[in-house]
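Enquirer: Handing you this structure, nothing more for now.
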Amino acid sequence: MCGRYALGVRLAYIQQRMQEQGMQVDEAPDDDAVRETFNFAPGNFGAVYRAEVTDKESYNAQQDADSEHQTQHLEKGKDNTVIKYKLQSMKWGLIPFWTKRQPDYGSMMRTINCRDDSLIEDSGMWTTMKRRKRCIVVCQGFYEWLKKGPGGKEKVPHFIRRKDGELMCFAGLWDCVSYEGSDEKLYTYTVITTSSNSYLKFLHERMPVILDSGGEAMNKWLDPSQKTWSKDLQSLLKPYEGELECYPVPKEVGKVGNNSPNFIVPVDSKENKSNIANFFANTKTKENLEPSPKKETLSPKVKMVKDDDRPTKDSEWSEDNAPKPVPAVKREHSPETARPVEERKKQKINSDLTGVSPQKKKSRSATRNIPMKKSSEMKGADGSQRITSFFKK
């Protein structure tokens with residue numbers, strides 16, 4: 001299963017890394033089209049890489065690079081077409097093209113993953129997508145929760161990433177839908193899962209299908225000339241055989257809306273323990289994902305960053321969507337006792353300052369109308385108000 005992953009890098013960085021690994025990117029949206037977060041949840045718009053068949057003349061009009069090898073790779077005997085590779089913003093949670101009305105959140109959650117064994121038979125919901133709409137979902141790694149304690153009540157989040165630190169590529173399917181009465185197109189995707197490899201068996205029985213960037217398996221998976229489902233394509237959906245890293249991370253990642261670069265740092269690392277301030281900072285992603293070293297002693301001041309775009313919700317329990325705190329209850333005296341208590345406090349403070357006994361001062365009537373003093377007389381030498389002035393208000 002894959003229900004949460006990390007995508008704390010900009011789209012421009014993803015494009016650069018893919019091109020360095022020999023993956024062609026002919027088109028990509030702006031950075032703000034993809035959700036940049038270390039706690040990527042279903043319903044967010046992520047980075048999806050796919051191939052698209054286009055007219056060669058139109059392609060050459062937009063691209064200066066030579067694409068002859070792409071033409072030969074596409075379809076034999078069709079010289080007027082070429083493969084165009086694009087990074088695209090899509091919503092996580094596949095919605096089939098035949099859907100007429102926007103589904104509820106629960107329905108969308110059922111299609112965030114697609115089991116590999118559900119694709120064996122050439123029929124069912126995924127038939128159209130697996131034949132013509134295969135894609136790659138790009139991320140830094142994914143989260144899984146280890147159940148511990150009696151009944152598995154305690155859940156410890158773990159982060160899984162490639163050991164070489166490169167971007168992780170999931171095999172996925174995509175689709176495009178236009179709801180009834182609307183011309184707007186919505187692109188959505190799902191992540192294909194398979195049985196866990198021996199390294200991750202202790203954590204969960206299933207894991208996403210991971211393909212190596214620019215490898216033969218990825219090229220086969222994306223090839224748009226392959227329009228029928230075959231055993232060759234099905235064989236690509238298997239547990240990852242490369243080296244992975246898996247380690248526990250802060251439990252705050254379990255709350256949707258929380259975001260911190262510390263979520264992909266081991267909880268027992270020195271950087272994580274001494275970097276509490278970064279948890280609240282909602283730091284924007286840097287190309288270097290390792291947090292800068294901090295002093296062992298923590299500063300008493302922690303800078304908070306407010307996200308104005310996220311409304312407060314009473315049903316949510318996250319640092320970004322936290323309910324407003326209940327105001328403290330001020331204990332007050334009854335009207336009958338309020339004035340005598342104030343008088344006694346005032347007399348005691350005045351006697352401490354002047355040395356005059358309260359008995360020697362004239363008593364004041366509780367019903368006497370006393371004029372208000374000027375603000376300059378109510379302040380002390382340092383500009384602060386005296387406690388006696390506070391109680392007169």
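Residue numbering restarts at 1 in every chain; chains get A, B, ... in the order shown in the structure tokens, and ligands count up from 1 in that same order.
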Could the residues of region 158-247 of chain A that have an atom at most 9 Å from region 88-103 of chain A be listed as JSON lines, each with its closest atom pair and the distance in Å to one decimal, counting only C-alpha atoms and ordered by chain and ascending residue number?
Expert:
{"residue": "A:Leu173", "atom": "CA", "partner": "A:Leu94", "partner_atom": "CA", "distance": 8.1}
{"residue": "A:Trp174", "atom": "CA", "partner": "A:Leu94", "partner_atom": "CA", "distance": 6.6}
{"residue": "A:Asp175", "atom": "CA", "partner": "A:Pro96", "partner_atom": "CA", "distance": 6.1}
{"residue": "A:Cys176", "atom": "CA", "partner": "A:Phe97", "partner_atom": "CA", "distance": 5.5}
{"residue": "A:Val177", "atom": "CA", "partner": "A:Phe97", "partner_atom": "CA", "distance": 4.2}
{"residue": "A:Ser178", "atom": "CA", "partner": "A:Phe97", "partner_atom": "CA", "distance": 7.1}
{"residue": "A:Tyr179", "atom": "CA", "partner": "A:Lys100", "partner_atom": "CA", "distance": 4.9}
{"residue": "A:Glu180", "atom": "CA", "partner": "A:Lys100", "partner_atom": "CA", "distance": 5.0}
{"residue": "A:Gly181", "atom": "CA", "partner": "A:Lys100", "partner_atom": "CA", "distance": 8.8}
{"residue": "A:Leu186", "atom": "CA", "partner": "A:Met90", "partner_atom": "CA", "distance": 7.7}
{"residue": "A:Tyr187", "atom": "CA", "partner": "A:Met90", "partner_atom": "CA", "distance": 5.0}
{"residue": "A:Thr188", "atom": "CA", "partner": "A:Lys91", "partner_atom": "CA", "distance": 4.5}
{"residue": "A:Tyr189", "atom": "CA", "partner": "A:Leu94", "partner_atom": "CA", "distance": 4.5}
{"residue": "A:Thr190", "atom": "CA", "partner": "A:Leu94", "partner_atom": "CA", "distance": 5.3}
{"residue": "A:Val191", "atom": "CA", "partner": "A:Trp92", "partner_atom": "CA", "distance": 8.5}
Enquirer: Hey, can you spit out that residue selection with all heavy atoms as a CSV table (one decimal), in the first residue's frame?
Expert:
chain,number,residue,atom,x,y,z
A,173,LEU,N,-1.0,4.5,-13.3
A,173,LEU,CA,-1.9,4.6,-14.4
A,173,LEU,C,-2.6,6.0,-14.2
A,173,LEU,O,-2.7,6.5,-13.1
A,173,LEU,CB,-3.0,3.5,-14.3
A,173,LEU,CG,-2.5,2.1,-14.4
A,173,LEU,CD1,-3.7,1.1,-14.2
A,173,LEU,CD2,-1.8,1.8,-15.7
A,174,TRP,N,-3.0,6.6,-15.3
A,174,TRP,CA,-3.7,7.9,-15.3
A,174,TRP,C,-4.9,7.9,-16.1
A,174,TRP,O,-5.2,7.0,-16.9
A,174,TRP,CB,-2.7,9.0,-15.8
A,174,TRP,CG,-2.4,8.9,-17.2
A,174,TRP,CD1,-1.4,8.2,-17.8
A,174,TRP,CD2,-3.0,9.5,-18.3
A,174,TRP,NE1,-1.4,8.3,-19.2
A,174,TRP,CE2,-2.4,9.2,-19.5
A,174,TRP,CE3,-4.1,10.4,-18.4
A,174,TRP,CZ2,-2.8,9.6,-20.8
A,174,TRP,CZ3,-4.5,10.9,-19.7
A,174,TRP,CH2,-3.8,10.5,-20.9
A,175,ASP,N,-5.8,8.9,-15.9
A,175,ASP,CA,-7.0,9.1,-16.7
A,175,ASP,C,-7.3,10.6,-16.7
A,175,ASP,O,-6.8,11.3,-15.9
A,175,ASP,CB,-8.1,8.2,-16.2
A,175,ASP,CG,-9.1,7.8,-17.4
A,175,ASP,OD1,-9.0,8.5,-18.4
A,175,ASP,OD2,-9.9,6.9,-17.2
A,176,CYS,N,-8.2,10.9,-17.6
A,176,CYS,CA,-8.7,12.3,-17.7
A,176,CYS,C,-10.2,12.3,-17.8
A,176,CYS,O,-10.8,11.5,-18.6
A,176,CYS,CB,-8.1,13.0,-19.0
A,176,CYS,SG,-8.7,14.7,-19.2
A,177,VAL,N,-10.9,13.1,-17.0
A,177,VAL,CA,-12.3,13.1,-16.9
A,177,VAL,C,-12.8,14.6,-17.1
A,177,VAL,O,-12.2,15.5,-16.6
A,177,VAL,CB,-12.8,12.5,-15.6
A,177,VAL,CG1,-12.3,13.4,-14.4
A,177,VAL,CG2,-14.3,12.4,-15.5
A,178,SER,N,-14.0,14.7,-17.7
A,178,SER,CA,-14.7,16.0,-17.7
A,178,SER,C,-16.1,15.7,-17.2
A,178,SER,O,-16.9,14.9,-17.8
A,178,SER,CB,-14.8,16.5,-19.2
A,178,SER,OG,-13.6,16.9,-19.6
A,179,TYR,N,-16.5,16.3,-16.1
A,179,TYR,CA,-17.8,16.1,-15.5
A,179,TYR,C,-18.9,16.6,-16.3
A,179,TYR,O,-18.7,17.5,-17.2
A,179,TYR,CB,-17.9,16.7,-14.1
A,179,TYR,CG,-16.9,16.1,-13.1
A,179,TYR,CD1,-16.0,16.9,-12.4
A,179,TYR,CD2,-16.7,14.7,-12.9
A,179,TYR,CE1,-15.1,16.4,-11.5
A,179,TYR,CE2,-15.8,14.2,-12.1
A,179,TYR,CZ,-15.0,15.1,-11.3
A,179,TYR,OH,-14.1,14.6,-10.5
A,180,GLU,N,-20.1,16.0,-16.2
A,180,GLU,CA,-21.3,16.4,-16.9
A,180,GLU,C,-21.6,17.9,-16.8
A,180,GLU,O,-21.6,18.4,-15.6
A,180,GLU,CB,-22.5,15.6,-16.4
A,180,GLU,CG,-23.6,15.5,-17.4
A,180,GLU,CD,-24.7,14.5,-16.9
A,180,GLU,OE1,-25.1,14.6,-15.7
A,180,GLU,OE2,-25.1,13.6,-17.7
A,181,GLY,N,-21.7,18.6,-17.9
A,181,GLY,CA,-22.0,20.0,-17.9
A,181,GLY,C,-20.8,20.9,-17.8
A,181,GLY,O,-20.9,22.1,-17.6
A,186,LEU,N,-9.9,17.2,-16.0
A,186,LEU,CA,-9.2,16.8,-14.7
A,186,LEU,C,-8.4,15.6,-14.9
A,186,LEU,O,-8.9,14.5,-15.2
A,186,LEU,CB,-10.2,16.6,-13.6
A,186,LEU,CG,-9.6,16.2,-12.2
A,186,LEU,CD1,-8.7,17.3,-11.7
A,186,LEU,CD2,-10.7,15.9,-11.2
A,187,TYR,N,-7.1,15.7,-14.7
A,187,TYR,CA,-6.2,14.5,-14.9
A,187,TYR,C,-5.9,13.9,-13.5
A,187,TYR,O,-5.6,14.7,-12.5
A,187,TYR,CB,-4.8,15.0,-15.5
A,187,TYR,CG,-5.0,15.3,-17.0
A,187,TYR,CD1,-5.3,16.6,-17.4
A,187,TYR,CD2,-4.7,14.3,-17.9
A,187,TYR,CE1,-5.4,16.8,-18.8
A,187,TYR,CE2,-4.8,14.6,-19.3
A,187,TYR,CZ,-5.2,15.9,-19.7
A,187,TYR,OH,-5.3,16.2,-21.1
A,188,THR,N,-6.0,12.6,-13.4
A,188,THR,CA,-5.9,12.0,-12.1
A,188,THR,C,-5.0,10.7,-12.3
A,188,THR,O,-4.8,10.2,-13.4
A,188,THR,CB,-7.2,11.5,-11.5
A,188,THR,OG1,-7.9,10.7,-12.4
A,188,THR,CG2,-8.1,12.8,-11.2
A,189,TYR,N,-4.5,10.2,-11.2
A,189,TYR,CA,-3.6,9.0,-11.3
A,189,TYR,C,-3.7,8.1,-10.1
A,189,TYR,O,-4.3,8.4,-9.0
A,189,TYR,CB,-2.1,9.4,-11.4
A,189,TYR,CG,-1.5,10.1,-10.2
A,189,TYR,CD1,-0.8,9.4,-9.3
A,189,TYR,CD2,-1.6,11.5,-10.0
A,189,TYR,CE1,-0.2,10.0,-8.1
A,189,TYR,CE2,-1.1,12.1,-8.9
A,189,TYR,CZ,-0.4,11.4,-8.0
A,189,TYR,OH,0.2,12.0,-6.9
A,190,THR,N,-3.2,6.9,-10.3
A,190,THR,CA,-3.1,5.9,-9.2
A,190,THR,C,-1.7,5.3,-9.2
A,190,THR,O,-1.0,5.2,-10.2
A,190,THR,CB,-4.2,4.8,-9.4
A,190,THR,OG1,-4.2,3.9,-8.2
A,190,THR,CG2,-3.9,4.0,-10.6
A,191,VAL,N,-1.3,4.8,-8.0
A,191,VAL,CA,0.0,4.1,-7.8
A,191,VAL,C,-0.2,2.6,-7.8
A,191,VAL,O,-1.0,2.1,-7.0
A,191,VAL,CB,0.7,4.6,-6.6
A,191,VAL,CG1,2.0,3.8,-6.3
A,191,VAL,CG2,1.0,6.1,-6.6
Enquirer: Taking only C-alpha atoms into account, name the residue in A:Thr54, A:Asp117, A:His204, A:Glu241 that is nearest to Trp145 (chain A).
Expert: A:His204
Enquirer: Using the chain letters and numbers from this document, which residues of region 205-280 of chain A does DSSP assign to helix (DSSP H, G or I), as a PDB file with N, CA, C and O atoms, in the first residue's frame?
Expert:
ATOM      1  N   GLU A 216      15.405  -0.033 -18.795  1.00  0.00           N
ATOM      2  CA  GLU A 216      14.653  -0.751 -19.823  1.00  0.00           C
ATOM      3  C   GLU A 216      13.204  -0.981 -19.402  1.00  0.00           C
ATOM      4  O   GLU A 216      12.280  -0.859 -20.207  1.00  0.00           O
ATOM      5  N   ALA A 217      13.009  -1.318 -18.132  1.00  0.00           N
ATOM      6  CA  ALA A 217      11.657  -1.563 -17.645  1.00  0.00           C
ATOM      7  C   ALA A 217      10.796  -0.309 -17.754  1.00  0.00           C
ATOM      8  O   ALA A 217       9.620  -0.382 -18.139  1.00  0.00           O
ATOM      9  N   MET A 218      11.359   0.854 -17.412  1.00  0.00           N
ATOM     10  CA  MET A 218      10.602   2.093 -17.509  1.00  0.00           C
ATOM     11  C   MET A 218      10.268   2.418 -18.958  1.00  0.00           C
ATOM     12  O   MET A 218       9.148   2.864 -19.259  1.00  0.00           O
ATOM     13  N   ASN A 219      11.213   2.213 -19.864  1.00  0.00           N
ATOM     14  CA  ASN A 219      10.956   2.480 -21.278  1.00  0.00           C
ATOM     15  C   ASN A 219       9.829   1.601 -21.816  1.00  0.00           C
ATOM     16  O   ASN A 219       8.981   2.052 -22.594  1.00  0.00           O
ATOM     17  N   LYS A 220       9.811   0.338 -21.418  1.00  0.00           N
ATOM     18  CA  LYS A 220       8.739  -0.560 -21.844  1.00  0.00           C
ATOM     19  C   LYS A 220       7.398  -0.110 -21.272  1.00  0.00           C
ATOM     20  O   LYS A 220       6.377  -0.151 -21.955  1.00  0.00           O
ATOM     21  N   TRP A 221       7.426   0.292 -20.009  1.00  0.00           N
ATOM     22  CA  TRP A 221       6.181   0.686 -19.341  1.00  0.00           C
ATOM     23  C   TRP A 221       5.563   1.928 -19.993  1.00  0.00           C
ATOM     24  O   TRP A 221       4.341   2.031 -20.118  1.00  0.00           O
ATOM     25  N   LEU A 222       6.391   2.849 -20.429  1.00  0.00           N
ATOM     26  CA  LEU A 222       5.894   4.107 -20.987  1.00  0.00           C
ATOM     27  C   LEU A 222       5.639   4.045 -22.487  1.00  0.00           C
ATOM     28  O   LEU A 222       5.012   4.961 -23.043  1.00  0.00           O
ATOM     29  N   LYS A 231       1.870 -10.206 -21.166  1.00  0.00           N
ATOM     30  CA  LYS A 231       2.608 -10.803 -20.048  1.00  0.00           C
ATOM     31  C   LYS A 231       3.909 -10.048 -19.802  1.00  0.00           C
ATOM     32  O   LYS A 231       4.396  -9.987 -18.671  1.00  0.00           O
ATOM     33  N   ASP A 232       4.469  -9.481 -20.855  1.00  0.00           N
ATOM     34  CA  ASP A 232       5.705  -8.718 -20.727  1.00  0.00           C
ATOM     35  C   ASP A 232       5.490  -7.488 -19.850  1.00  0.00           C
ATOM     36  O   ASP A 232       6.314  -7.169 -18.987  1.00  0.00           O
ATOM     37  N   LEU A 233       4.374  -6.786 -20.065  1.00  0.00           N
ATOM     38  CA  LEU A 233       4.051  -5.616 -19.232  1.00  0.00           C
ATOM     39  C   LEU A 233       3.723  -6.046 -17.804  1.00  0.00           C
ATOM     40  O   LEU A 233       4.144  -5.398 -16.842  1.00  0.00           O
ATOM     41  N   GLN A 234       2.985  -7.139 -17.660  1.00  0.00           N
ATOM     42  CA  GLN A 234       2.619  -7.615 -16.327  1.00  0.00           C
ATOM     43  C   GLN A 234       3.860  -8.012 -15.528  1.00  0.00           C
ATOM     44  O   GLN A 234       3.919  -7.815 -14.316  1.00  0.00           O
ATOM     45  N   LYS A 251       6.550  11.187  14.434  1.00  0.00           N
ATOM     46  CA  LYS A 251       5.143  10.782  14.385  1.00  0.00           C
ATOM     47  C   LYS A 251       4.233  11.877  13.850  1.00  0.00           C
ATOM     48  O   LYS A 251       3.107  11.598  13.437  1.00  0.00           O
ATOM     49  N   GLU A 252       4.712  13.116  13.849  1.00  0.00           N
ATOM     50  CA  GLU A 252       3.890  14.226  13.352  1.00  0.00           C
ATOM     51  C   GLU A 252       3.521  14.073  11.883  1.00  0.00           C
ATOM     52  O   GLU A 252       2.575  14.696  11.402  1.00  0.00           O
ATOM     53  N   VAL A 253       4.250  13.240  11.150  1.00  0.00           N
ATOM     54  CA  VAL A 253       3.949  13.038   9.738  1.00  0.00           C
ATOM     55  C   VAL A 253       2.594  12.354   9.556  1.00  0.00           C
ATOM     56  O   VAL A 253       1.991  12.413   8.479  1.00  0.00           O
ATOM     57  N   GLY A 254       2.103  11.712  10.602  1.00  0.00           N
ATOM     58  CA  GLY A 254       0.823  11.022  10.525  1.00  0.00           C
ATOM     59  C   GLY A 254      -0.370  11.943  10.449  1.00  0.00           C
ATOM     60  O   GLY A 254      -1.484  11.498  10.149  1.00  0.00           O
ATOM     61  N   PRO A 261      10.830  19.329   6.612  1.00  0.00           N
ATOM     62  CA  PRO A 261      11.906  18.505   6.028  1.00  0.00           C
ATOM     63  C   PRO A 261      12.406  17.448   6.996  1.00  0.00           C
ATOM     64  O   PRO A 261      13.032  16.477   6.578  1.00  0.00           O
ATOM     65  N   ASN A 262      12.138  17.614   8.285  1.00  0.00           N
ATOM     66  CA  ASN A 262      12.544  16.609   9.277  1.00  0.00           C
ATOM     67  C   ASN A 262      11.785  15.295   9.124  1.00  0.00           C
ATOM     68  O   ASN A 262      12.175  14.275   9.685  1.00  0.00           O
ATOM     69  N   PHE A 263      10.681  15.300   8.350  1.00  0.00           N
ATOM     70  CA  PHE A 263       9.890  14.080   8.191  1.00  0.00           C
ATOM     71  C   PHE A 263      10.632  13.000   7.420  1.00  0.00           C
ATOM     72  O   PHE A 263      10.246  11.834   7.483  1.00  0.00           O
ATOM     73  N   ILE A 264      11.676  13.364   6.686  1.00  0.00           N
ATOM     74  CA  ILE A 264      12.442  12.348   5.956  1.00  0.00           C
ATOM     75  C   ILE A 264      13.817  12.139   6.587  1.00  0.00           C
ATOM     76  O   ILE A 264      14.696  11.541   5.979  1.00  0.00           O
ATOM     77  N   LYS A 270      21.187  13.223  15.051  1.00  0.00           N
ATOM     78  CA  LYS A 270      21.520  14.423  15.821  1.00  0.00           C
ATOM     79  C   LYS A 270      20.857  15.650  15.219  1.00  0.00           C
ATOM     80  O   LYS A 270      20.385  16.526  15.924  1.00  0.00           O
ATOM     81  N   GLU A 271      20.783  15.714  13.886  1.00  0.00           N
ATOM     82  CA  GLU A 271      20.198  16.886  13.242  1.00  0.00           C
ATOM     83  C   GLU A 271      18.735  17.013  13.603  1.00  0.00           C
ATOM     84  O   GLU A 271      18.229  18.104  13.831  1.00  0.00           O
ATOM     85  N   ASN A 272      18.012  15.883  13.675  1.00  0.00           N
ATOM     86  CA  ASN A 272      16.584  15.932  13.944  1.00  0.00           C
ATOM     87  C   ASN A 272      16.304  16.335  15.384  1.00  0.00           C
ATOM     88  O   ASN A 272      15.412  17.125  15.650  1.00  0.00           O
ATOM     89  N   LYS A 273      17.094  15.805  16.318  1.00  0.00           N
ATOM     90  CA  LYS A 273      16.845  16.100  17.720  1.00  0.00           C
ATOM     91  C   LYS A 273      17.089  17.556  18.058  1.00  0.00           C
ATOM     92  O   LYS A 273      16.446  18.124  18.925  1.00  0.00           O
ATOM     93  N   ILE A 276      14.232  21.309  16.356  1.00  0.00           N
ATOM     94  CA  ILE A 276      12.803  21.399  16.613  1.00  0.00           C
ATOM     95  C   ILE A 276      12.188  22.597  15.916  1.00  0.00           C
ATOM     96  O   ILE A 276      11.065  22.541  15.426  1.00  0.00           O
ATOM     97  N   ALA A 277      12.924  23.691  15.841  1.00  0.00           N
ATOM     98  CA  ALA A 277      12.384  24.903  15.228  1.00  0.00           C
ATOM     99  C   ALA A 277      11.995  24.674  13.779  1.00  0.00           C
ATOM    100  O   ALA A 277      11.028  25.246  13.287  1.00  0.00           O
ATOM    101  N   ASN A 278      12.734  23.813  13.066  1.00  0.00           N
ATOM    102  CA  ASN A 278      12.424  23.550  11.660  1.00  0.00           C
ATOM    103  C   ASN A 278      11.089  22.857  11.481  1.00  0.00           C
ATOM    104  O   ASN A 278      10.471  22.951  10.431  1.00  0.00           O
ATOM    105  N   PHE A 279      10.626  22.126  12.507  1.00  0.00           N
ATOM    106  CA  PHE A 279       9.339  21.446  12.408  1.00  0.00           C
ATOM    107  C   PHE A 279       8.209  22.442  12.220  1.00  0.00           C
ATOM    108  O   PHE A 279       7.260  22.227  11.487  1.00  0.00           O
ATOM    109  N   PHE A 280       8.316  23.605  12.921  1.00  0.00           N
ATOM    110  CA  PHE A 280       7.262  24.609  12.837  1.00  0.00           C
ATOM    111  C   PHE A 280       7.466  25.557  11.668  1.00  0.00           C
ATOM    112  O   PHE A 280       6.573  26.307  11.318  1.00  0.00           O
TER     113      PHE A 280
END
Enquirer: Which polymer residues have any atom within 7 Å of an atom of Pro239 (chain A), counting only C-alpha atoms, with same-chain residues fewer than 6 positions away left out, as a ChimeraX atom specification?
Expert: /A:194-197,209
Enquirer: Using Å and a single decimal, report how far CA of Pro266 (chain A) sits from CA of Ile136 (chain A).
Expert: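 Value for the CA of Ile136 (chain A)-CA of Pro266 (chain A) distance: 26.9 Å.
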Enquirer: Just how far from CA of Ser213 (chain A) is CA of Glu144 (chain A), in Å to one decimal?
Expert: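 According to the coordinates, CA of Glu144 (chain A) and CA of Ser213 (chain A) are separated by 22.5 Å.
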Enquirer: Near Asp30 (chain A), counting only C-alpha atoms, which residues have an atom at most 12 Å away, once you skip same-chain residues fewer than 6 positions from it, shown as a list in words?
Expert: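 Final neighbour list, sorted by chain and number: Arg10, Leu11, Ala12, Tyr13, Ile14, Gln15, Glu36, Ala47, Leu87, Gln88 and Ser89 of chain A.
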